[in-house]
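In what follows, a single structure is set out as structure tokens and then discussed.
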Amino acid sequence: MAHKVLVTGANGFIGSHTALLRESLGHEVTPIDAALRSADLLLLGIKTPSRIVDVTDAKAFRAVCDQDKPSHIFHAAHPPRNEDPSVLNFCYHAMTNILETARELKIRRVVYSSSASIYGQLIKPEGSLVKEADAVAIYPTYFYRAAKTVSEWMGDFYNAKHGVSFVALRYASVYGPGLYRSIPLELKKGILGQPCRPFLTRPQDDLIYVDDVADAVRRALFADKPLSRAYNIGLDKTYVSEDLAQAIRKALPELKFEIGEHPNAAEVAPHRLRNPLDISLAKKELDWAPTIYLEEGIARLAAWLTEHKARLRV
């Protein structure tokens, strides 16, 4: 049976790369977003035109689904990372529209683009790692984390009460071509002759390349069996700043740079400490594992930036 995938947030970073993979595999894609694709992400060469549709608009979203009749939904739309209640409001209305439509149209599966930011420390008091099925705490001073948690809760509710197949993927620090922040943005600045200060999100970070994320989305969408409610998607190791510096020197030996610091380091750094996400459940049930480690990921990113240097803008 043919797959028809509706992608929300399809003009964003993860949404764009997922749509690109879907196209390469011959799947029919319906990309929607409330915003236009950035100039950098346009360089990916995605062929299917996106429709400007706000997923929080119930009538407009349902009209797209009634017309295109998707078999699966990948929900990657999210609001700006503002720390105000509008983040919760967006996530609630978007998820309600998606899950109600999935229930009524019998969508085969909804996969949600969640985040490892919902976790506190990854080690329990007795020393074991936090698992996907463990309860997570709401962070009352961090709306982004809380919004991701609430969105997952809604998916779980519709799964338990209405039989909607729902899976959340909780990503570690994702990077790759077209990301307009963090390492990709800083390397782009350096290639264009501007000050370059790439940084890790945490002192020891389990960076995950976007192609591995898109592959995890593919497996979660189309696995022909019942799945767990959530999966961690990250590396099975962490890196420190010197690892990042060495990878950059190898990929871009002429680049002038210095390692910087996350702009919110004081808040972010204690969040995960030295531990990578436990990805054993994704390995077991999705038959997924990361394939692109830091040196290769930085090399791929550097090659892409170099190839498109003349068309890059900061």
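Starting from 1 in every chain, residues are counted up; chains themselves are A, B, ... following the order of the structure tokens, and ligands are numbered from 1 as listed.
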
Exercise for review: Using only C-alpha atoms, determine which residues lie at most 9 Å from A:Pro70, disregarding the query and same-chain residues fewer than 2 positions distant; provide the list as a list of chain:residue names.
Suggested key: A:His3, A:Lys4, A:Val5, A:Leu6, A:Glu28, A:Val29, A:Thr30, A:Cys65, A:Asp66, A:Gln67, A:Asp68, A:His72, A:Ile73, A:Leu105, A:Ile107, A:Arg108

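Residues with any atom within 8 Å of A:Leu169, counting only C-alpha atoms and excluding same-chain neighbours fewer than 4 positions away, are Val111, Tyr112, Ser113, Ser114, Ser115, Val217, Ala230, Tyr231, Asn232 and Ile233 of chain A.
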
Exercise for review: Show which residues sit within 10 Å of stretch 241-255 of chain A, as a PyMOL selection string. Count only C-alpha atoms, and ignore same-chain residues fewer than 3 positions away.
Suggested key: chain A and resi 183+187+190-193+196+198-205+238+258-261+294-303+306

Practice item. Please give the complete set of residues from stretch 75-303 of chain A that DSSP, run on the backbone, assigns to alpha helix (DSSP H), formatted as a ChimeraX atom specification. Key: /A:86-105,143-162,182-191,210-222,241-251,265-268,280-285,294-303

**Study point:** Which of A:Thr8, A:Thr291, A:Asn97, A:Ser280 sits closest to A:His78 [using only C-alpha atoms]
**Key:**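 Looking at the shortest contact to A:His78, the residue is A:Thr8.
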
Review point. Between A:Arg109, A:Arg311, A:His93, A:Arg181, which one has atoms that come closest to A:Pro226, using only C-alpha atoms?
Key: A:Arg109

Practice item. Report as number ranges by chain: the residues of stretch 93-275 of chain A with a DSSP assignment of strand (DSSP E or B), based on the backbone of this structure. Key: A: 109-115, 123, 129, 166-171, 174-175, 205, 208-209, 230-233, 239

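The space between atom CA of A:Leu277 and atom CA of A:Asp236 spans 7.2 Å.
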
For A:Leu179: contacts at 7 Å, only C-alpha atoms, fewer than 5 positions along chain excluded, given as a tab-separated table (two decimals) with N, CA and C atoms, in the first residue's frame:
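So the final result, stored in out-v2.tsv, reads:
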```
chain	number	residue	atom	x	y	z
A	13	PHE	N	13.76	23.01	9.74
A	13	PHE	CA	15.00	22.24	9.56
A	13	PHE	C	14.73	20.74	9.48
A	184	PRO	N	26.05	24.75	12.66
A	184	PRO	CA	25.93	25.09	11.23
A	184	PRO	C	26.00	26.58	10.95
A	185	LEU	N	25.34	27.38	11.77
A	185	LEU	CA	25.37	28.82	11.57
A	185	LEU	C	26.77	29.37	11.76
```

Review point. Counting only C-alpha atoms, which of A:Val64, A:Leu207, A:Val7, A:Val174 gets nearest to A:Leu221?
Key: A:Val7

Exercise for review: Select, from A:Ser38, A:Thr149, A:Ser182, A:Asn275, the residue with the minimum atom-to-atom distance to A:Gly127, counting only C-alpha atoms.
Suggested key: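 Going through A:Ser38, A:Thr149, A:Ser182, A:Asn275 one by one, the smallest distance to A:Gly127 is for A:Asn275.
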
Check your understanding: In Å to one decimal, how far is atom CA of A:Val240 from atom CA of A:Leu286?
Key -> 28.3 Å

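Nearest to A:Ile279 of all the residues A:Leu20, A:Ala76, A:Ile208, A:Ala135 is A:Ile208, counting only C-alpha atoms.
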
**Study point:** Pairwise distance for atom CA of A:His17 and atom CA of A:Gly45, rounded to one decimal in Å
**Key:**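 Taking atom CA of A:His17 as the start and atom CA of A:Gly45 as the end point, the length is 10.2 Å.
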